[in-house]
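Data file: input_30.txt. Format and content: compact mmCIF, C-alpha atoms.
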```
# COMPACT_ATOMS: atom_id res chain seq x y z
CA MET P 12 89.01 -81.62 14.77
CA LYS P 13 90.05 -78.98 12.23
CA LYS P 14 87.76 -76.06 11.35
CA ASN P 15 86.77 -75.53 7.74
CA LYS P 16 88.04 -72.04 6.70
CA ASN P 17 85.36 -71.71 3.93
CA LEU P 18 82.35 -72.15 6.32
CA PRO P 19 82.19 -68.61 7.65
CA LYS P 20 82.14 -67.12 4.14
CA ALA P 21 79.45 -69.52 3.00
CA TRP P 22 77.38 -68.79 6.16
CA LYS P 23 77.75 -65.08 5.71
CA LYS P 24 76.59 -65.27 2.08
CA LYS P 25 73.63 -67.43 3.06
CA LYS P 26 72.67 -65.05 5.87
CA GLN P 27 72.99 -62.04 3.52
CA ARG P 28 70.74 -63.68 0.92
CA LYS P 29 68.16 -64.51 3.61
CA SER P 30 68.15 -60.88 4.85
CA GLU P 31 67.68 -59.47 1.34
CA THR P 32 64.81 -61.88 0.70
CA LEU P 33 63.08 -60.77 3.94
CA LYS P 34 63.46 -57.07 3.01
CA LEU P 35 61.99 -57.73 -0.42
CA GLN P 36 58.97 -59.49 1.10
CA LEU P 37 58.35 -56.57 3.49
CA LEU P 38 58.54 -54.04 0.69
CA GLN P 39 56.07 -56.03 -1.41
CA LYS P 40 53.59 -56.20 1.48
CA ARG P 41 53.67 -52.42 2.05
CA LYS P 42 53.44 -51.40 -1.55
CA LYS P 43 49.93 -50.97 -3.07
CA PRO P 44 49.19 -52.89 -6.24
CA LEU P 45 49.90 -50.88 -9.35
CA ASN P 46 47.00 -50.35 -11.72
CA LEU P 47 48.55 -50.35 -15.15
CA ASN P 48 45.34 -49.03 -16.79
CA LYS P 49 45.33 -45.63 -14.88
CA THR P 50 47.59 -42.66 -14.79
CA PRO P 51 48.87 -41.68 -11.35
CA THR P 52 46.41 -38.69 -11.07
CA SER P 53 43.29 -40.22 -12.64
CA TRP P 54 41.74 -41.04 -9.25
CA LYS P 55 41.26 -37.28 -8.52
CA VAL P 56 38.64 -36.69 -11.29
CA PRO P 57 35.68 -38.65 -9.82
CA SER P 58 36.48 -37.30 -6.35
CA ILE P 59 36.31 -33.69 -7.58
CA LEU P 60 33.07 -34.35 -9.44
CA PHE P 61 31.59 -35.98 -6.34
CA PHE P 62 32.44 -33.07 -4.04
CA ALA P 63 31.25 -30.51 -6.60
CA SER P 64 27.89 -32.29 -6.89
CA LEU P 65 27.62 -32.43 -3.11
CA ILE P 66 28.24 -28.66 -2.77
CA THR P 67 25.64 -28.00 -5.48
CA ILE P 68 23.04 -30.06 -3.62
CA ILE P 69 23.80 -28.42 -0.26
CA LEU P 70 24.00 -24.79 -1.38
CA VAL P 71 22.39 -24.16 -4.74
CA ILE P 72 19.21 -26.25 -4.67
CA PRO P 73 17.97 -25.00 -1.24
CA THR P 74 18.59 -21.44 -2.46
CA LEU P 75 16.37 -22.02 -5.49
CA VAL P 76 13.62 -23.32 -3.22
CA VAL P 77 13.93 -20.78 -0.39
CA VAL P 78 14.57 -17.51 -2.27
CA PRO P 79 11.16 -17.24 -4.05
CA PHE P 80 9.36 -18.14 -0.81
CA VAL P 81 11.33 -15.65 1.26
CA ALA P 82 10.72 -12.90 -1.27
CA LYS P 83 6.99 -13.52 -1.21
CA ASP P 84 6.85 -13.81 2.56
CA GLY P 85 9.04 -10.74 2.94
CA GLU P 86 6.58 -8.70 0.90
CA LYS P 87 3.77 -9.90 3.14
CA ASN P 88 5.69 -8.96 6.27
CA VAL P 89 6.23 -5.42 5.01
CA THR P 90 2.50 -5.10 4.39
CA VAL P 91 1.58 -6.32 7.85
CA GLU P 92 4.17 -4.42 9.87
CA ASN P 93 3.84 -1.12 8.05
CA ASP P 94 0.24 -1.66 7.02
CA THR P 95 1.32 -0.49 3.53
CA PRO P 96 -1.25 -1.04 0.80
CA GLU P 97 -0.45 -0.96 -2.87
CA GLN P 98 0.55 2.37 -4.41
CA VAL P 99 -2.57 4.32 -5.34
CA GLU P 100 -2.48 7.55 -7.28
CA ILE P 101 -5.50 9.83 -6.93
CA THR P 102 -5.53 12.10 -9.94
CA MET P 103 -7.56 15.16 -10.92
CA GLY P 104 -9.46 12.95 -13.37
CA LYS P 105 -11.26 11.27 -10.47
CA SER P 106 -12.37 14.60 -8.98
CA PRO P 107 -15.40 16.31 -10.55
CA PHE P 108 -14.49 19.66 -8.96
CA SER P 109 -11.95 21.38 -6.74
CA VAL P 110 -12.24 22.72 -3.20
CA ALA P 111 -10.90 26.17 -2.32
CA VAL P 112 -9.33 25.82 1.13
CA MET P 113 -8.50 28.89 3.20
CA ARG P 114 -5.25 28.22 5.06
CA ALA P 115 -5.51 29.78 8.52
CA ASN P 116 -1.78 30.32 9.08
CA SER P 117 -0.86 31.81 5.72
CA GLU P 118 -4.27 33.34 4.89
CA THR P 119 -3.93 32.00 1.36
CA VAL P 120 -6.33 29.83 -0.62
CA GLU P 121 -5.36 26.42 -2.01
CA ASP P 122 -7.38 24.92 -4.87
CA VAL P 123 -7.44 21.18 -4.22
CA PRO P 124 -9.10 18.42 -6.32
CA LEU P 125 -12.02 16.88 -4.39
CA GLU P 126 -10.53 13.42 -3.83
CA THR P 127 -7.14 14.86 -2.88
CA TYR P 128 -8.92 17.14 -0.41
CA VAL P 129 -10.76 14.15 1.06
CA SER P 130 -7.54 12.15 1.44
CA ARG P 131 -5.82 15.00 3.28
CA VAL P 132 -8.80 15.53 5.59
CA VAL P 133 -8.82 11.83 6.46
CA ALA P 134 -5.06 12.04 7.09
CA SER P 135 -5.63 15.01 9.41
CA GLU P 136 -8.74 13.76 11.21
CA MET P 137 -8.13 10.03 11.78
CA PRO P 138 -4.98 8.06 12.74
CA ALA P 139 -3.54 6.28 9.68
CA LYS P 140 -2.88 3.20 11.83
CA PHE P 141 -6.65 2.61 12.03
CA GLU P 142 -8.24 -0.25 10.11
CA ILE P 143 -8.77 0.36 6.39
CA GLU P 144 -12.57 0.03 6.72
CA ALA P 145 -12.61 2.72 9.42
CA LEU P 146 -10.57 4.98 7.12
CA LYS P 147 -13.10 4.34 4.34
CA ALA P 148 -15.94 5.35 6.68
CA GLN P 149 -14.06 8.54 7.51
CA ALA P 150 -13.54 9.19 3.78
CA LEU P 151 -17.30 9.02 3.21
CA ALA P 152 -17.88 11.40 6.12
CA ALA P 153 -15.29 13.88 4.83
CA ARG P 154 -16.61 13.78 1.25
CA THR P 155 -20.23 14.11 2.38
CA PHE P 156 -19.37 17.06 4.62
CA ILE P 157 -17.81 19.11 1.84
CA VAL P 158 -20.52 18.22 -0.69
CA ASN P 159 -23.29 19.20 1.74
CA HIS P 160 -21.36 22.35 2.68
CA LEU P 161 -20.97 23.44 -0.95
CA MET P 162 -24.62 22.72 -1.75
CA GLN P 163 -25.77 24.77 1.25
CA GLN P 164 -23.32 27.55 0.56
CA GLY P 165 -24.04 28.00 -3.12
CA ASN P 166 -21.75 30.13 -5.24
CA SER P 167 -19.06 31.75 -3.14
CA LYS P 168 -16.15 34.05 -3.81
CA GLY P 169 -12.75 33.33 -2.38
CA SER P 170 -12.63 30.13 -0.33
CA ASP P 171 -15.15 27.32 0.12
CA VAL P 172 -13.97 26.05 3.47
CA THR P 173 -11.37 26.60 6.20
CA ASP P 174 -8.72 24.12 7.36
CA THR P 175 -9.77 24.19 11.04
CA ILE P 176 -12.05 22.21 13.34
CA TYR P 177 -14.85 24.64 12.49
CA ASP P 178 -15.07 22.86 9.13
CA GLN P 179 -12.67 19.94 8.66
CA VAL P 180 -9.02 19.83 9.64
CA TYR P 181 -6.85 19.88 6.51
CA HIS P 182 -3.07 19.61 6.10
CA ASN P 183 -1.40 19.73 2.70
CA ASP P 184 1.17 17.28 1.40
CA LYS P 185 4.18 19.22 2.64
CA GLU P 186 2.75 19.46 6.15
CA LEU P 187 1.92 15.75 6.24
CA ARG P 188 5.45 14.86 5.15
CA GLU P 189 6.88 16.99 7.95
CA GLU P 190 4.49 15.53 10.51
CA TRP P 191 4.94 11.85 9.55
CA GLY P 192 8.59 11.82 8.54
CA SER P 193 9.74 8.32 7.57
CA ASP P 194 6.17 6.99 8.01
CA TYR P 195 4.81 9.26 5.29
CA SER P 196 4.86 6.72 2.45
CA TRP P 197 2.90 3.88 4.04
CA LYS P 198 0.47 6.21 5.79
CA ILE P 199 -0.48 8.28 2.77
CA ASN P 200 -0.72 5.21 0.52
CA LYS P 201 -3.05 3.49 2.98
CA ILE P 202 -5.27 6.57 3.19
CA LYS P 203 -5.25 7.03 -0.59
CA LYS P 204 -6.36 3.42 -0.95
CA ALA P 205 -9.31 4.04 1.39
CA VAL P 206 -10.29 7.19 -0.50
CA SER P 207 -9.84 5.62 -3.92
CA GLU P 208 -11.99 2.60 -3.07
CA THR P 209 -14.86 4.88 -1.96
CA SER P 210 -14.33 7.50 -4.67
CA GLY P 211 -17.49 9.48 -5.50
CA GLU P 212 -19.58 7.94 -2.69
CA ILE P 213 -21.47 10.07 -0.16
CA LEU P 214 -24.03 9.52 2.62
CA THR P 215 -27.61 10.53 1.89
CA TYR P 216 -30.96 10.71 3.69
CA ASN P 217 -34.06 11.12 1.51
CA ASN P 218 -31.72 11.47 -1.48
CA ALA P 219 -29.87 14.47 -0.03
CA PRO P 220 -26.39 14.65 1.53
CA ILE P 221 -26.58 14.35 5.31
CA GLN P 222 -25.31 16.78 7.93
CA ILE P 223 -22.07 15.13 8.99
CA ALA P 224 -20.95 14.88 12.59
CA PHE P 225 -18.11 12.76 13.95
CA PHE P 226 -15.88 12.80 17.00
CA SER P 227 -13.03 10.87 18.61
CA THR P 228 -14.33 8.74 21.49
CA SER P 229 -17.72 8.15 23.08
CA ASN P 230 -18.55 7.42 26.71
CA GLY P 231 -20.11 4.14 25.59
CA TYR P 232 -23.01 5.81 23.73
CA THR P 233 -23.38 8.44 21.06
CA GLU P 234 -25.60 11.47 21.72
CA ASN P 235 -28.98 12.44 20.28
CA SER P 236 -28.46 15.64 18.27
CA GLU P 237 -31.08 17.64 20.20
CA ASP P 238 -29.44 16.79 23.54
CA TYR P 239 -26.33 18.75 22.59
CA TRP P 240 -27.43 20.92 19.68
CA GLU P 241 -30.81 22.59 19.29
CA ASN P 242 -32.35 20.56 16.46
CA GLU P 243 -33.46 16.95 16.30
CA VAL P 244 -31.94 15.21 13.28
CA PRO P 245 -33.53 11.85 12.40
CA TYR P 246 -30.27 10.07 11.50
CA LEU P 247 -28.25 11.44 14.44
CA ARG P 248 -29.60 9.11 17.11
CA SER P 249 -27.99 7.74 20.24
CA VAL P 250 -26.50 4.24 19.79
CA LYS P 251 -24.32 2.01 21.93
CA SER P 252 -20.60 2.26 21.21
CA PRO P 253 -18.81 -0.17 23.56
CA TRP P 254 -15.60 -0.29 21.49
CA ASP P 255 -14.60 3.19 22.73
CA LYS P 256 -13.57 1.90 26.15
CA ASN P 257 -10.36 0.71 24.49
CA SER P 258 -9.54 4.24 23.36
CA PRO P 259 -6.58 5.96 25.09
CA LYS P 260 -8.82 9.04 25.22
CA PHE P 261 -11.68 7.38 27.10
CA LEU P 262 -10.87 8.89 30.52
CA ASP P 263 -9.52 12.32 31.49
CA GLN P 264 -9.33 14.50 34.59
CA LYS P 265 -8.88 18.22 35.20
CA ILE P 266 -8.47 20.02 38.52
CA PHE P 267 -9.56 23.64 39.09
CA THR P 268 -9.42 25.97 42.06
CA MET P 269 -12.71 27.50 43.14
CA GLN P 270 -11.43 30.86 41.95
CA GLU P 271 -10.71 29.47 38.48
CA VAL P 272 -14.22 28.03 38.18
CA GLU P 273 -15.73 31.33 39.37
CA SER P 274 -13.78 33.21 36.73
CA LEU P 275 -14.55 30.80 33.88
CA LEU P 276 -18.27 30.45 34.65
CA GLY P 277 -18.92 33.92 36.00
CA VAL P 278 -20.36 32.70 39.29
CA ASP P 279 -19.75 33.33 43.01
CA LEU P 280 -19.00 30.14 44.93
CA PRO P 281 -19.08 29.84 48.75
CA ASN P 282 -15.72 29.84 50.49
CA ASN P 283 -14.69 26.90 52.68
CA GLU P 284 -18.12 25.30 52.37
CA LYS P 285 -19.44 22.17 50.77
CA LEU P 286 -20.68 23.13 47.33
CA ALA P 287 -24.26 22.07 46.60
CA MET P 288 -24.66 20.69 43.06
CA GLU P 289 -27.54 19.10 41.15
CA ILE P 290 -26.92 17.20 37.89
CA THR P 291 -29.41 15.83 35.37
CA ARG P 292 -28.27 13.62 32.51
CA THR P 293 -29.26 12.80 28.92
CA GLU P 294 -30.15 9.41 27.51
CA SER P 295 -26.46 8.79 26.80
CA ASN P 296 -25.46 9.66 30.40
CA ARG P 297 -23.89 13.00 29.49
CA VAL P 298 -24.68 16.03 31.63
CA ASP P 299 -27.84 17.79 30.52
CA LYS P 300 -28.01 20.44 33.26
CA LEU P 301 -25.78 21.39 36.18
CA LYS P 302 -27.16 23.56 38.97
CA MET P 303 -24.44 25.13 41.10
CA ALA P 304 -24.66 28.10 43.48
CA ASP P 305 -28.15 29.00 42.25
CA GLN P 306 -26.89 29.04 38.67
CA THR P 307 -27.93 26.48 36.04
CA TYR P 308 -25.69 25.54 33.11
CA SER P 309 -25.99 23.12 30.23
CA GLY P 310 -23.50 20.28 30.09
CA ARG P 311 -22.31 21.68 26.75
CA LYS P 312 -21.58 25.10 28.26
CA ILE P 313 -19.63 23.60 31.16
CA ARG P 314 -17.60 21.50 28.73
CA GLU P 315 -16.81 24.46 26.49
CA LYS P 316 -16.07 26.99 29.23
CA LEU P 317 -13.81 24.64 31.19
CA GLU P 318 -12.45 22.99 28.00
CA LEU P 319 -13.36 19.51 29.16
CA LYS P 320 -12.91 16.51 26.87
CA SER P 321 -16.56 15.52 27.14
CA SER P 322 -19.93 16.59 28.56
CA ASP P 323 -20.06 13.30 30.48
CA PHE P 324 -18.37 14.48 33.65
CA SER P 325 -18.51 14.00 37.40
CA ILE P 326 -17.37 16.58 39.99
CA GLU P 327 -15.56 15.99 43.27
CA GLN P 328 -14.79 18.77 45.74
CA LYS P 329 -11.60 18.67 47.78
CA ASN P 330 -11.20 21.73 50.00
CA ASP P 331 -11.01 24.68 47.61
CA HIS P 332 -10.53 22.54 44.49
CA LEU P 333 -12.98 20.90 42.08
CA ILE P 334 -11.95 17.71 40.23
CA PHE P 335 -13.73 17.06 36.91
CA THR P 336 -13.49 13.47 35.61
CA THR P 337 -14.69 12.95 32.04
CA LYS P 338 -15.56 9.93 29.89
CA GLY P 339 -15.11 10.16 26.14
CA PHE P 340 -13.63 12.83 23.88
CA GLY P 341 -15.79 15.09 21.72
CA HIS P 342 -19.41 16.22 21.44
CA GLY P 343 -20.64 12.65 21.04
CA ILE P 344 -22.88 13.16 17.98
CA GLY P 345 -22.70 10.97 14.88
CA MET P 346 -19.81 8.59 14.21
CA SER P 347 -17.29 7.72 16.88
CA GLN P 348 -13.88 7.28 15.25
CA TYR P 349 -12.59 4.81 17.85
CA GLY P 350 -15.92 3.05 17.69
CA ALA P 351 -15.61 2.78 13.90
CA ASN P 352 -12.15 1.29 14.30
CA GLY P 353 -13.47 -1.19 16.85
CA MET P 354 -16.21 -2.28 14.46
CA ALA P 355 -13.67 -2.66 11.65
CA LYS P 356 -11.52 -4.88 13.86
CA GLU P 357 -14.55 -7.12 14.34
CA GLY P 358 -14.88 -7.49 10.56
CA LYS P 359 -17.50 -4.85 9.73
CA ASN P 360 -17.08 -3.04 6.41
CA TYR P 361 -17.31 0.71 5.92
CA LYS P 362 -20.95 0.66 4.78
CA GLU P 363 -21.98 -1.29 7.86
CA ILE P 364 -20.08 1.17 10.05
CA VAL P 365 -21.65 4.35 8.63
CA LYS P 366 -25.14 2.83 8.61
CA TYR P 367 -24.74 1.91 12.28
CA TYR P 368 -23.78 5.42 13.41
CA TYR P 369 -26.06 7.32 10.99
CA LYS P 370 -29.53 5.79 11.18
CA GLY P 371 -31.60 5.28 8.03
CA ILE P 372 -29.01 6.65 5.61
CA GLU P 373 -27.84 5.30 2.23
CA VAL P 374 -24.52 5.30 0.37
CA ASN P 375 -25.06 6.84 -3.06
CA PRO P 376 -22.94 8.15 -5.97
CA LEU P 377 -22.16 11.85 -5.88
CA ASP P 378 -23.07 12.43 -9.54
CA GLU P 379 -26.62 11.12 -8.94
CA THR P 380 -27.18 13.05 -5.70
CA ALA P 381 -25.62 16.38 -6.62
CA PRO P 382 -25.50 16.58 -10.46
CA THR P 383 -25.47 20.40 -10.50
CA LEU P 384 -22.44 20.47 -8.20
CA VAL P 385 -20.64 17.93 -10.36
CA ALA P 386 -21.51 19.86 -13.54
CA LYS P 387 -20.11 23.05 -12.03
```
Same coordinates, now as structure tokens:
Amino acid sequence: MKKNKNLPKAWKKKKQRKSETLKLQLLQKRKKPLNLNKTPTSWKVPSILFFASLITIILVIPTLVVVPFVAKDGEKNVTVENDTPEQVEITMGKSPFSVAVMRANSETVEDVPLETYVSRVVASEMPAKFEIEALKAQALAARTFIVNHLMQQGNSKGSDVTDTIYDQVYHNDKELREEWGSDYSWKINKIKKAVSETSGEILTYNNAPIQIAFFSTSNGYTENSEDYWENEVPYLRSVKSPWDKNSPKFLDQKIFTMQEVESLLGVDLPNNEKLAMEITRTESNRVDKLKMADQTYSGRKIREKLELKSSDFSIEQKNDHLIFTTKGFGHGIGMSQYGANGMAKEGKNYKEIVKYYYKGIEVNPLDETAPTLVAK
């Protein structure tokens, strides 16, 4: 049988057409449908708007909500951590007179407006970290002291008061800045707030300024005035002061050789023998009398001669040494500063504090109690 010469060409053409058709079908399957109503880049617009909205929701809106809250809370945190009250300016207008303070180091006199003087005494006499109500109580004590002092003193030439413990400790603004450094701002503002909120108030008994006494830390009780001083004062009575046990100054100890005690007290003590001692105590458990080597001393004299922290002391002999252990810090009469702070922590206000430590007193305006002093 003869082969047809045209068959291969026809088969090749048919096979070629079939291959082209298959390629066309594959291309049509892979190609996405063309949207004739859109430009090639129009799909990007809604996508950009969507992502922009999403970023706005994630970043901007939470910021609007959080920022005011953080700012408010941040202000609160500064107040708590630094104990910084609002800025308070104590001006001369709030002071009816000035106080002439003799500076011990420079032997110069500073004329200081009353309320400024009070604020600097509080700053020098009580830790600024104390509760605001305790600082207010101290402000009343400081103001009452100087008013009573000026009324008792009358007209004086030169200075009215010193800056030492014999009157009230006083440091001026420059000295406080140097002492406090970076803490100056919050400390002085807190103290100024306490002084400003008690401005013009003093403590009175029978309508007269009281004799002020205050000290750092009690032994658990304050002292009757006549048990340490000579005179009985009706408002300086012994009261319980349990808050003082939390004071870092509650306990102290000093060790002396027998020879040191002999020299300081002016007494002859037996050598290498057990020292016979007799102690009597006051109502507040401080030493009233100490009999030692046929000599009798008041607890106050022992405290002052040996420079003990308190007149509540016990004595232990070890060979040729005497160990004095004390409770409390100060003479113990009037207001305990650590006690006042303890009362303030329990929620007592400054009037409750001063009326607890000074019995039967009142808080009265200065201009009503001492009008002649104010007029001067």
| said: I'd like the interatomic distance between CA of Lys203 in chain P and CA of Pro253 in chain P, to a tenth of an Å. | reply: 28.6 Å
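Going from CA of Val120 in chain P to CA of Asp174 in chain P covers 10.1 Å.
Here CA of Arg297 in chain P and CA of Gly231 in chain P stand 10.4 Å from one another.
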| Between P:Met137, P:Met303, P:Met346, P:Ile213, which one has atoms that come closest to Asn375 in chain P, using all atoms listed in the file? |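 Of P:Met137, P:Met303, P:Met346, P:Ile213, the one nearest Asn375 in chain P is P:Ile213, counting all atoms listed in the file.
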| field | Ref. answer, residues at most 12 Å from (-19.3, 29.2, 28.8) with all atoms listed in the file, as a PyMOL selection string | value | chain P and resi 272-278+307-319
| field | For Ser347 in chain P: contacts at 7 Å, all atoms listed in the file, fewer than 2 positions along chain excluded, given as a VMD selection string | value | chain P and resid 225 to 229 345 349 to 351
Take the selection from the previous step and output its residues with C-alpha atoms, as a PDB file, in the coordinates of the input.
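Wrote it out as again-v5.pdb, contents follow:
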```pdb
ATOM      1  CA  PHE P 225     -18.110  12.760  13.950  1.00  0.00           C
ATOM      2  CA  PHE P 226     -15.880  12.800  17.000  1.00  0.00           C
ATOM      3  CA  SER P 227     -13.030  10.870  18.610  1.00  0.00           C
ATOM      4  CA  THR P 228     -14.330   8.740  21.490  1.00  0.00           C
ATOM      5  CA  SER P 229     -17.720   8.150  23.080  1.00  0.00           C
ATOM      6  CA  GLY P 345     -22.700  10.970  14.880  1.00  0.00           C
ATOM      7  CA  TYR P 349     -12.590   4.810  17.850  1.00  0.00           C
ATOM      8  CA  GLY P 350     -15.920   3.050  17.690  1.00  0.00           C
ATOM      9  CA  ALA P 351     -15.610   2.780  13.900  1.00  0.00           C
TER      10      ALA P 351
END
```
| message | Which residues are close to range 180-182 of chain P, i.e. within 9 Å by only C-alpha atoms, leaving aside same-chain residues fewer than 6 positions away? Reply as a ChimeraX atom specification. | response | /P:112,114,128-129,131-136,173-174
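Considering all atoms listed in the file, the residue among P:Gln222, P:Asn242, P:Ser130, P:Ser170 positioned nearest to Lys198 in chain P is P:Ser130.
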| task | Find the residues around Val250 in chain P up to 12 Å (only C-alpha atoms counted), leave out those fewer than 6 positions away in its own chain, and share them as JSON, numbers by chain. | result | {"P": [229, 230, 231, 232, 233, 234, 235, 236, 294, 295, 296, 343, 344, 345, 346, 347, 350, 366, 367, 368, 369, 370]}
| query | Quick one: of P:Ser249, P:Ser322, P:Gln164, P:Asn330, who's nearest to Ile290 in chain P, counting only C-alpha atoms? | reply | P:Ser322
| Nearest to Lys356 in chain P: which of P:Tyr177, P:Glu142, P:Tyr216, P:Ile157 is it, counting all atoms listed in the file? |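 Ranking P:Tyr177, P:Glu142, P:Tyr216, P:Ile157 by distance to Lys356 in chain P, first place goes to P:Glu142.
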| note | The residue from P:Leu214, P:Val206, P:Ile326, P:Met162 with the smallest atom-to-atom distance to Lys362 in chain P, counting all atoms listed in the file, is P:Leu214
| message | Calculated over all atoms listed in the file, which of the candidates P:Gln328, P:Ser252, P:Asn217, P:Asn116 has the smallest distance to Met288 in chain P? | response |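 Smallest distance to Met288 in chain P is found for P:Gln328.
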| task | Find the residues near Ala304 in chain P: any atom within 10 Å, counting only C-alpha atoms, skip ones fewer than 2 places away on the same chain, and give them as a list in words. | result | Val278, Asp279, Leu280, Pro281, Leu286, Ala287, Met288, Glu289, Leu301, Lys302, Gln306 and Thr307 of chain P
